[in-house]
Amino acid sequence: MLELLLSIRATLSARVNANMERFESDLMTFSKALLSINDISGVMDFLNNEDLLFINVERVNLLLKNDLDSQPSLYYLDQDKQCQQFDYTGSITGLHGVTMRDYCHQMDGETLYQTFPQLENHPAYDSVFNYCKIPLSICNQPLGAIEYINLTMPDDSESEKQFKLFNNMISAMIEHIIEHQTASTFTEKLTTEKNNFQVLVDVTNTVISQSTKKELIGSLLRFLYQHFDMTDLSIIQLQDGHYNQHSACFINNEIDYQCHFFTNDKLIKNAIKNNKPVFLNAIDIKKMQADNNSPYFPSRVKTACVMPLVFRGIAVGYISFMKPIEAPYQNTDLELFKQIAARVALAMHSIKTHQASTPNQPITKFVNIDEGMGEHVIFDDIISQSEVMNKVLEQVALVASCDSTVLILGESGTGKELIARAIHKLSLRSKTDMVKMNCAAIPAGLFESELFGHERGAFTGAISQRVGRFEQAHKGTLFLDEIGDMPLELQPKLLRALQENEIERVGKNALISVDVRIVVATNVDLLRRVEEKKFRNDLYYRLNVFPIQIPPLRERAEDIPLLVKHFTRELAKKMGKTITAIAAEDLAVMSAFPWPGNVRELRNFVERSVILTRGNVLNVPVHELKTVSHSARVPTEKVPPVGLVNPKAKGAINTPEPAVKGDVVKPIINKADVIKALKACHGVVAGPNGAANQLGLKRTTLLSRMQKMGINSQDFRGGI
């Protein structure tokens, strides 16, 4: 009997010694882990490591809370031994409501599933036959709890003490990790704030020193490309009922500028109406890329953020940050972009103020042809800064989205086809091509065949079937130029096609349905043609639904310098020449010339000048204009150009002599003249003693020009 007792005692002593050795080994492992583990995922890998000898457990979960009021988060390893996080909601926290309590919770698997059936299908509680949950705390501060799934332990008091010490060390490890993460987060936050502060300082220095909108957007894009790999940027402003979007893209270390004109603001309306950021995904952007009447986005752009530019509580425009990848904007980036937008708004206000307060500078000898072009290019070829053309473009924006017939009126060479193209691009039919037909260029015998088509054998020479312009323009736009020259006998057929939306090919008695939007143009007085019985009155009234009058070039002389620069650049590039400037005196002569052939004549004259040029300065044959100005006069029905000085006005400002003496065209009022008049009138615009009367302008005309020039009459009040 004594031998049996001694044997049992020796066995127990050996087990105790073995448990102690395993526990001491695990303590050493813990000490090393404290120095190497820096996150919860590392703790989970460590606790589920088979190298731990003291505890015999299948797996270990952790329940941790960020604070006393938050719901606990469960950390567990999935089947692939990857750490997963599961955030509990109020409906499934029954078991874990005791997380912060200072006692253990132990039960078998069957009882666990019966009490908390919601855990049965959870991957963290798969195949549980023994469950034990122990609270974790440090210095009486609760950290959470540890869950042992299928734990096996020796049933003795010494092992129980060692197990408690084991859990205390786990608490210390978790506290160390939480403190490390808090310190890292704080350090990262400080670093981010410091970097953002430096970015904002750099942005301020980048944009605030720019004197034009083109320089502003270009310098800002270079900065954003360097710091955020952003390749596209645009600024949107509302003007005269439509939006002007000035865009820049960074390609091959060069910036390409583009100006876009649109009225459809559906997808960015929230930014415009509520002054809030609008986020656009790839689907939104693809929709707008298919619609020429929407904001412009390059094909490579996948996401965008449109933010208002607010200065002193007023939206002065909108900025679009674009990315070539489908990735959401982070909150930190958005806060930074808001600060950048505020600085851009300030810079735009500074540019406007600078332009309004710039004193009259002496005319330079040469003018750079690249100067001031970007903001006035609308679509591909429409270039304007004049009030009369802006009104035309406003009419285009109004009628484009309708299917109404448009009648474009204007002298030859004013750009009626460009306006028709603009209407088509902004319409719902822009996905199809615009079909064009010049009524004056088609022989009368072939006119019907060209317009409506013909069948094979319909007449001599009809060897095959031909589809007419109406059918070609199905679901699109048909532009009929010089409609006043259409043969009188065919006008009833055109009227019927417009009214019935049906045509009939020559040689075929069957009717063909067509869906066509009609835009027509003419340089003749159709109403006079109607009175002369050369044009049907019913067709005239059918076409005259929405007339648009294109002003002649002499009525928008302020556009001439822009057009000269544009044509020079375009033609010089085509001819392989490098022309960078034009003499200011030559440009003044061209601006004062009446151009009876309008924009077409101006372009041809610039083309001749480019051909004559051998150096970098445009060689303008000015003597040709002076010769023509004495021998040819502008049509008697012309409207005097805006900006005509009234020499009888009290205190009228002395202006330079016209560049073309003897001609009826007077000098154009420029920005310096307006500033001088406002100073002389102490900021008064209207009335007999106002600046408008001194300049020979209407009050509304002067106010419109002041707005375009960035001039505020309030700046000249009080005797300035």
# chains A, B, ... in the order shown; residues from 1 in each chain; ligands from 1

$ residues_around --residues "A:Phe86" --least-positions-apart "6" --cutoff "7 Å" --atoms "only C-alpha atoms" --output "PyMOL selection string"
chain A and resi 73-75

$ residues_around --residues "stretch 233-244 of chain A" --least-positions-apart "4" --cutoff "7 Å" --atoms "only C-alpha atoms" --output "list in words"
Leu221, Ala248, Cys249, Cys259, His260, Phe261, Phe262, Thr263, Gly317, Tyr318, Ile319, Ser320, Phe321, Met322, Glu394 and Ala397 of chain A

$ write_last_selection --atoms "C-alpha atoms" --output "PDB file, in the first residue's frame"
ATOM      1  CA  LEU A 221      -2.827  70.872 -62.470  1.00  0.00           C
ATOM      2  CA  ALA A 248      -6.644  71.098 -68.747  1.00  0.00           C
ATOM      3  CA  CYS A 249      -5.041  67.671 -69.137  1.00  0.00           C
ATOM      4  CA  CYS A 259     -12.987  75.076 -73.534  1.00  0.00           C
ATOM      5  CA  HIS A 260     -16.415  73.386 -73.542  1.00  0.00           C
ATOM      6  CA  PHE A 261     -19.924  74.843 -73.656  1.00  0.00           C
ATOM      7  CA  PHE A 262     -22.935  73.012 -72.144  1.00  0.00           C
ATOM      8  CA  THR A 263     -26.358  73.529 -70.552  1.00  0.00           C
ATOM      9  CA  GLY A 317     -17.563  78.616 -60.058  1.00  0.00           C
ATOM     10  CA  TYR A 318     -17.030  74.891 -59.686  1.00  0.00           C
ATOM     11  CA  ILE A 319     -13.889  72.786 -59.841  1.00  0.00           C
ATOM     12  CA  SER A 320     -13.804  69.184 -61.027  1.00  0.00           C
ATOM     13  CA  PHE A 321     -11.093  66.873 -59.697  1.00  0.00           C
ATOM     14  CA  MET A 322     -10.771  63.796 -61.952  1.00  0.00           C
ATOM     15  CA  GLU A 394     -27.719  81.625 -75.376  1.00  0.00           C
ATOM     16  CA  ALA A 397     -28.567  76.615 -75.705  1.00  0.00           C
TER      17      ALA A 397
END

$ residues_around --residues "A:Ala473" --least-positions-apart "4" --cutoff "12 Å" --atoms "only C-alpha atoms" --output "PyMOL selection string"
chain A and resi 424+429-437+451-452+467-469+477-480+513-519

$ residues_around --residues "stretch 441-450 of chain A" --least-positions-apart "4" --cutoff "9 Å" --atoms "only C-alpha atoms" --output "PyMOL selection string"
chain A and resi 437+454+466-470+482+486-487+490+493+505-506

$ write_last_selection --atoms "N, CA, C and O atoms" --output "short mmCIF file (atom, residue, chain, number, x, y, z; two decimals), in the first residue's frame"
data_model
loop_
_atom_site.label_atom_id
_atom_site.label_comp_id
_atom_site.auth_asym_id
_atom_site.auth_seq_id
_atom_site.Cartn_x
_atom_site.Cartn_y
_atom_site.Cartn_z
N MET A 437 -26.81 69.90 -96.74
CA MET A 437 -27.15 70.06 -98.16
C MET A 437 -27.22 71.55 -98.47
O MET A 437 -27.94 72.30 -97.81
N HIS A 454 -34.19 58.51 -105.11
CA HIS A 454 -34.92 58.01 -106.28
C HIS A 454 -34.74 56.51 -106.40
O HIS A 454 -33.82 55.91 -105.82
N ARG A 466 -31.08 55.40 -105.04
CA ARG A 466 -30.33 56.41 -104.28
C ARG A 466 -31.14 56.83 -103.06
O ARG A 466 -32.33 57.12 -103.16
N VAL A 467 -30.48 56.85 -101.93
CA VAL A 467 -31.11 57.31 -100.69
C VAL A 467 -30.88 58.81 -100.56
O VAL A 467 -29.75 59.30 -100.65
N GLY A 468 -31.95 59.57 -100.38
CA GLY A 468 -31.87 61.02 -100.29
C GLY A 468 -31.40 61.51 -98.93
O GLY A 468 -31.21 60.74 -97.98
N ARG A 469 -31.21 62.83 -98.84
CA ARG A 469 -30.68 63.42 -97.61
C ARG A 469 -31.63 63.24 -96.43
O ARG A 469 -31.20 63.10 -95.29
N PHE A 470 -32.93 63.25 -96.70
CA PHE A 470 -33.89 63.06 -95.61
C PHE A 470 -33.69 61.70 -94.95
O PHE A 470 -33.66 61.59 -93.71
N GLU A 482 -28.69 77.83 -97.44
CA GLU A 482 -29.20 78.65 -98.53
C GLU A 482 -30.60 78.19 -98.96
O GLU A 482 -30.88 77.96 -100.14
N MET A 486 -34.01 77.44 -102.85
CA MET A 486 -34.70 76.20 -103.19
C MET A 486 -35.73 76.46 -104.29
O MET A 486 -36.47 77.44 -104.25
N PRO A 487 -35.79 75.58 -105.32
CA PRO A 487 -36.75 75.78 -106.41
C PRO A 487 -38.18 75.89 -105.88
O PRO A 487 -38.59 75.13 -105.00
N LEU A 490 -40.51 72.78 -105.80
CA LEU A 490 -40.24 71.70 -104.85
C LEU A 490 -40.58 72.08 -103.41
O LEU A 490 -40.56 71.23 -102.53
N LYS A 493 -43.33 70.04 -101.61
CA LYS A 493 -42.92 68.70 -101.17
C LYS A 493 -42.13 68.76 -99.86
O LYS A 493 -42.27 67.90 -98.99
N ARG A 505 -39.81 58.81 -102.51
CA ARG A 505 -38.72 58.80 -103.47
C ARG A 505 -39.23 59.02 -104.89
O ARG A 505 -40.36 58.65 -105.21
N VAL A 506 -38.38 59.60 -105.71
CA VAL A 506 -38.73 59.77 -107.12
C VAL A 506 -38.83 58.40 -107.78
O VAL A 506 -37.92 57.58 -107.67
#

$ atom_distance --atom1 "atom CA of A:Arg343" --atom2 "atom CA of A:Ser209"
11.5 Å

$ residues_around --residues "A:Asn544" --least-positions-apart "3" --cutoff "9 Å" --atoms "only C-alpha atoms" --output "NGL selection string"
:A and (405-407 or 539-541 or 547)

$ closest_residue --among "A:Leu526, A:Val201, A:Leu697, A:Leu562" --to "A:Val685" --atoms "only C-alpha atoms"
A:Leu697

$ select_by_dssp --residues "stretch 425-490 of chain A" --states "strand (DSSP E)" --output "ChimeraX atom specification"
/A:434-438,453-454,466-467,476-481

$ closest_atom_pairs --of "stretch 324-346 of chain A" --to "stretch 272-277 of chain A" --cutoff "12 Å" --atoms "only C-alpha atoms" --output "JSON lines"
{"residue": "A:Tyr329", "atom": "CA", "partner": "A:Pro277", "partner_atom": "CA", "distance": 11.1}
{"residue": "A:Asn331", "atom": "CA", "partner": "A:Pro277", "partner_atom": "CA", "distance": 11.9}
{"residue": "A:Leu334", "atom": "CA", "partner": "A:Pro277", "partner_atom": "CA", "distance": 8.9}
{"residue": "A:Glu335", "atom": "CA", "partner": "A:Pro277", "partner_atom": "CA", "distance": 10.8}
{"residue": "A:Phe337", "atom": "CA", "partner": "A:Pro277", "partner_atom": "CA", "distance": 10.0}
{"residue": "A:Lys338", "atom": "CA", "partner": "A:Pro277", "partner_atom": "CA", "distance": 8.8}
{"residue": "A:Ala341", "atom": "CA", "partner": "A:Pro277", "partner_atom": "CA", "distance": 10.8}

$ closest_residue --among "A:Asn270, A:Gln258, A:Ser386, A:Asn509" --to "A:Pro298" --atoms "only C-alpha atoms"
A:Gln258

$ select_by_dssp --residues "stretch 304-344 of chain A" --states "helix (DSSP H, G or I)" --output "list of chain:residue names"
A:Asn331, A:Thr332, A:Asp333, A:Leu334, A:Glu335, A:Leu336, A:Phe337, A:Lys338, A:Gln339, A:Ile340, A:Ala341, A:Ala342, A:Arg343, A:Val344

$ write_last_selection --atoms "N, CA and C atoms" --output "compact mmCIF listing (two decimals), in the first residue's frame"
# COMPACT_ATOMS: atom_id res chain seq x y z
N ASN A 331 -11.83 60.49 -47.14
CA ASN A 331 -12.25 61.68 -46.39
C ASN A 331 -11.11 62.68 -46.23
N THR A 332 -9.89 62.15 -46.03
CA THR A 332 -8.74 63.04 -45.87
C THR A 332 -8.49 63.83 -47.15
N ASP A 333 -8.65 63.16 -48.32
CA ASP A 333 -8.47 63.85 -49.59
C ASP A 333 -9.54 64.90 -49.80
N LEU A 334 -10.78 64.57 -49.42
CA LEU A 334 -11.88 65.52 -49.62
C LEU A 334 -11.68 66.78 -48.80
N GLU A 335 -11.25 66.63 -47.56
CA GLU A 335 -10.99 67.81 -46.73
C GLU A 335 -9.90 68.67 -47.36
N LEU A 336 -8.89 67.99 -47.89
CA LEU A 336 -7.80 68.72 -48.53
C LEU A 336 -8.28 69.42 -49.80
N PHE A 337 -9.11 68.73 -50.59
CA PHE A 337 -9.63 69.32 -51.82
C PHE A 337 -10.52 70.53 -51.52
N LYS A 338 -11.27 70.47 -50.40
CA LYS A 338 -12.09 71.62 -50.02
C LYS A 338 -11.22 72.84 -49.75
N GLN A 339 -10.12 72.61 -49.07
CA GLN A 339 -9.20 73.71 -48.78
C GLN A 339 -8.56 74.24 -50.07
N ILE A 340 -8.24 73.32 -50.98
CA ILE A 340 -7.68 73.75 -52.26
C ILE A 340 -8.71 74.56 -53.04
N ALA A 341 -9.97 74.10 -53.03
CA ALA A 341 -11.03 74.83 -53.74
C ALA A 341 -11.20 76.24 -53.19
N ALA A 342 -11.09 76.39 -51.87
CA ALA A 342 -11.21 77.72 -51.27
C ALA A 342 -10.10 78.65 -51.76
N ARG A 343 -8.91 78.12 -51.91
CA ARG A 343 -7.79 78.94 -52.39
C ARG A 343 -7.91 79.26 -53.87
N VAL A 344 -8.47 78.32 -54.64
CA VAL A 344 -8.70 78.60 -56.06
C VAL A 344 -9.75 79.70 -56.22

$ closest_residue --among "A:Gly453, A:Ala315, A:Asn293, A:Ser211" --to "A:Gln472" --atoms "only C-alpha atoms"
A:Gly453

$ residues_around --residues "A:Ala581" --least-positions-apart "3" --cutoff "8 Å" --atoms "only C-alpha atoms" --output "JSON, numbers by chain"
{"A": [366, 367, 368, 369, 616, 617, 618]}

$ atom_distance --atom1 "atom CA of A:Gln395" --atom2 "atom CA of A:Lys286"
27.2 Å

$ decode --residues "stretch 207-246 of chain A" --atoms "N, CA and C atoms" --output "tab-separated table (two decimals), in the first residue's frame"
chain	number	residue	atom	x	y	z
A	207	VAL	N	-1.20	79.17	-56.88
A	207	VAL	CA	-2.34	79.75	-57.60
A	207	VAL	C	-2.50	81.25	-57.39
A	208	ILE	N	-2.04	81.76	-56.26
A	208	ILE	CA	-2.36	83.15	-55.94
A	208	ILE	C	-1.59	84.13	-56.80
A	209	SER	N	-0.48	83.68	-57.40
A	209	SER	CA	0.36	84.59	-58.18
A	209	SER	C	-0.01	84.60	-59.66
A	210	GLN	N	-1.04	83.86	-60.08
A	210	GLN	CA	-1.39	83.78	-61.49
A	210	GLN	C	-2.26	84.96	-61.89
A	211	SER	N	-2.10	85.43	-63.13
A	211	SER	CA	-2.82	86.62	-63.58
A	211	SER	C	-3.95	86.30	-64.56
A	212	THR	N	-4.02	85.05	-65.05
A	212	THR	CA	-5.10	84.65	-65.95
A	212	THR	C	-5.65	83.30	-65.52
A	213	LYS	N	-6.87	83.02	-65.98
A	213	LYS	CA	-7.50	81.74	-65.63
A	213	LYS	C	-6.73	80.57	-66.23
A	214	LYS	N	-6.18	80.76	-67.42
A	214	LYS	CA	-5.41	79.70	-68.06
A	214	LYS	C	-4.17	79.37	-67.25
A	215	GLU	N	-3.45	80.40	-66.79
A	215	GLU	CA	-2.27	80.17	-65.96
A	215	GLU	C	-2.66	79.51	-64.64
A	216	LEU	N	-3.80	79.91	-64.10
A	216	LEU	CA	-4.26	79.34	-62.82
A	216	LEU	C	-4.50	77.84	-62.93
A	217	ILE	N	-5.29	77.43	-63.92
A	217	ILE	CA	-5.64	76.01	-64.03
A	217	ILE	C	-4.43	75.18	-64.43
A	218	GLY	N	-3.52	75.77	-65.24
A	218	GLY	CA	-2.32	75.04	-65.65
A	218	GLY	C	-1.37	74.81	-64.49
A	219	SER	N	-1.10	75.84	-63.70
A	219	SER	CA	-0.18	75.69	-62.57
A	219	SER	C	-0.76	74.78	-61.50
A	220	LEU	N	-2.08	74.86	-61.27
A	220	LEU	CA	-2.72	73.99	-60.28
A	220	LEU	C	-2.65	72.53	-60.71
A	221	LEU	N	-2.87	72.25	-61.99
A	221	LEU	CA	-2.83	70.87	-62.47
A	221	LEU	C	-1.42	70.30	-62.35
A	222	ARG	N	-0.41	71.09	-62.66
A	222	ARG	CA	0.96	70.60	-62.49
A	222	ARG	C	1.22	70.21	-61.04
A	223	PHE	N	0.73	71.02	-60.13
A	223	PHE	CA	0.92	70.73	-58.71
A	223	PHE	C	0.17	69.45	-58.31
A	224	LEU	N	-1.10	69.33	-58.72
A	224	LEU	CA	-1.89	68.15	-58.35
A	224	LEU	C	-1.33	66.88	-58.99
A	225	TYR	N	-0.77	67.00	-60.18
A	225	TYR	CA	-0.16	65.84	-60.82
A	225	TYR	C	1.07	65.38	-60.03
A	226	GLN	N	1.82	66.33	-59.54
A	226	GLN	CA	3.03	66.00	-58.79
A	226	GLN	C	2.71	65.34	-57.45
A	227	HIS	N	1.64	65.79	-56.79
A	227	HIS	CA	1.33	65.30	-55.45
A	227	HIS	C	0.29	64.17	-55.44
A	228	PHE	N	-0.63	64.16	-56.43
A	228	PHE	CA	-1.74	63.19	-56.40
A	228	PHE	C	-1.87	62.39	-57.69
A	229	ASP	N	-0.93	62.54	-58.61
A	229	ASP	CA	-1.00	61.86	-59.91
A	229	ASP	C	-2.30	62.19	-60.65
A	230	MET	N	-2.84	63.39	-60.45
A	230	MET	CA	-4.06	63.81	-61.11
A	230	MET	C	-3.71	64.40	-62.48
A	231	THR	N	-4.34	63.86	-63.53
A	231	THR	CA	-3.99	64.26	-64.89
A	231	THR	C	-5.00	65.19	-65.53
A	232	ASP	N	-6.17	65.37	-64.90
A	232	ASP	CA	-7.21	66.19	-65.52
A	232	ASP	C	-7.88	67.07	-64.46
A	233	LEU	N	-8.21	68.28	-64.89
A	233	LEU	CA	-8.80	69.26	-63.99
A	233	LEU	C	-9.63	70.23	-64.82
A	234	SER	N	-10.73	70.71	-64.27
A	234	SER	CA	-11.51	71.71	-65.01
A	234	SER	C	-12.19	72.66	-64.04
A	235	ILE	N	-12.46	73.87	-64.53
A	235	ILE	CA	-13.19	74.89	-63.78
A	235	ILE	C	-14.42	75.25	-64.59
A	236	ILE	N	-15.58	75.23	-63.93
A	236	ILE	CA	-16.87	75.47	-64.59
A	236	ILE	C	-17.46	76.77	-64.05
A	237	GLN	N	-17.94	77.62	-64.96
A	237	GLN	CA	-18.59	78.87	-64.56
A	237	GLN	C	-19.87	79.06	-65.36
A	238	LEU	N	-20.90	79.61	-64.69
A	238	LEU	CA	-22.18	79.89	-65.33
A	238	LEU	C	-22.14	81.29	-65.94
A	239	GLN	N	-22.57	81.39	-67.21
A	239	GLN	CA	-22.54	82.68	-67.90
A	239	GLN	C	-23.64	82.74	-68.95
A	240	ASP	N	-24.51	83.74	-68.82
A	240	ASP	CA	-25.56	83.98	-69.81
A	240	ASP	C	-26.41	82.74	-70.08
A	241	GLY	N	-26.78	82.01	-69.04
A	241	GLY	CA	-27.67	80.86	-69.19
A	241	GLY	C	-27.01	79.58	-69.61
A	242	HIS	N	-25.70	79.57	-69.83
A	242	HIS	CA	-24.99	78.33	-70.16
A	242	HIS	C	-23.72	78.27	-69.33
A	243	TYR	N	-23.06	77.11	-69.41
A	243	TYR	CA	-21.85	76.89	-68.63
A	243	TYR	C	-20.63	76.89	-69.54
A	244	ASN	N	-19.59	77.56	-69.09
A	244	ASN	CA	-18.29	77.50	-69.75
A	244	ASN	C	-17.36	76.65	-68.89
A	245	GLN	N	-16.84	75.59	-69.48
A	245	GLN	CA	-15.95	74.67	-68.75
A	245	GLN	C	-14.56	74.76	-69.36
A	246	HIS	N	-13.60	75.25	-68.57
A	246	HIS	CA	-12.21	75.35	-69.01
A	246	HIS	C	-11.44	74.17	-68.41
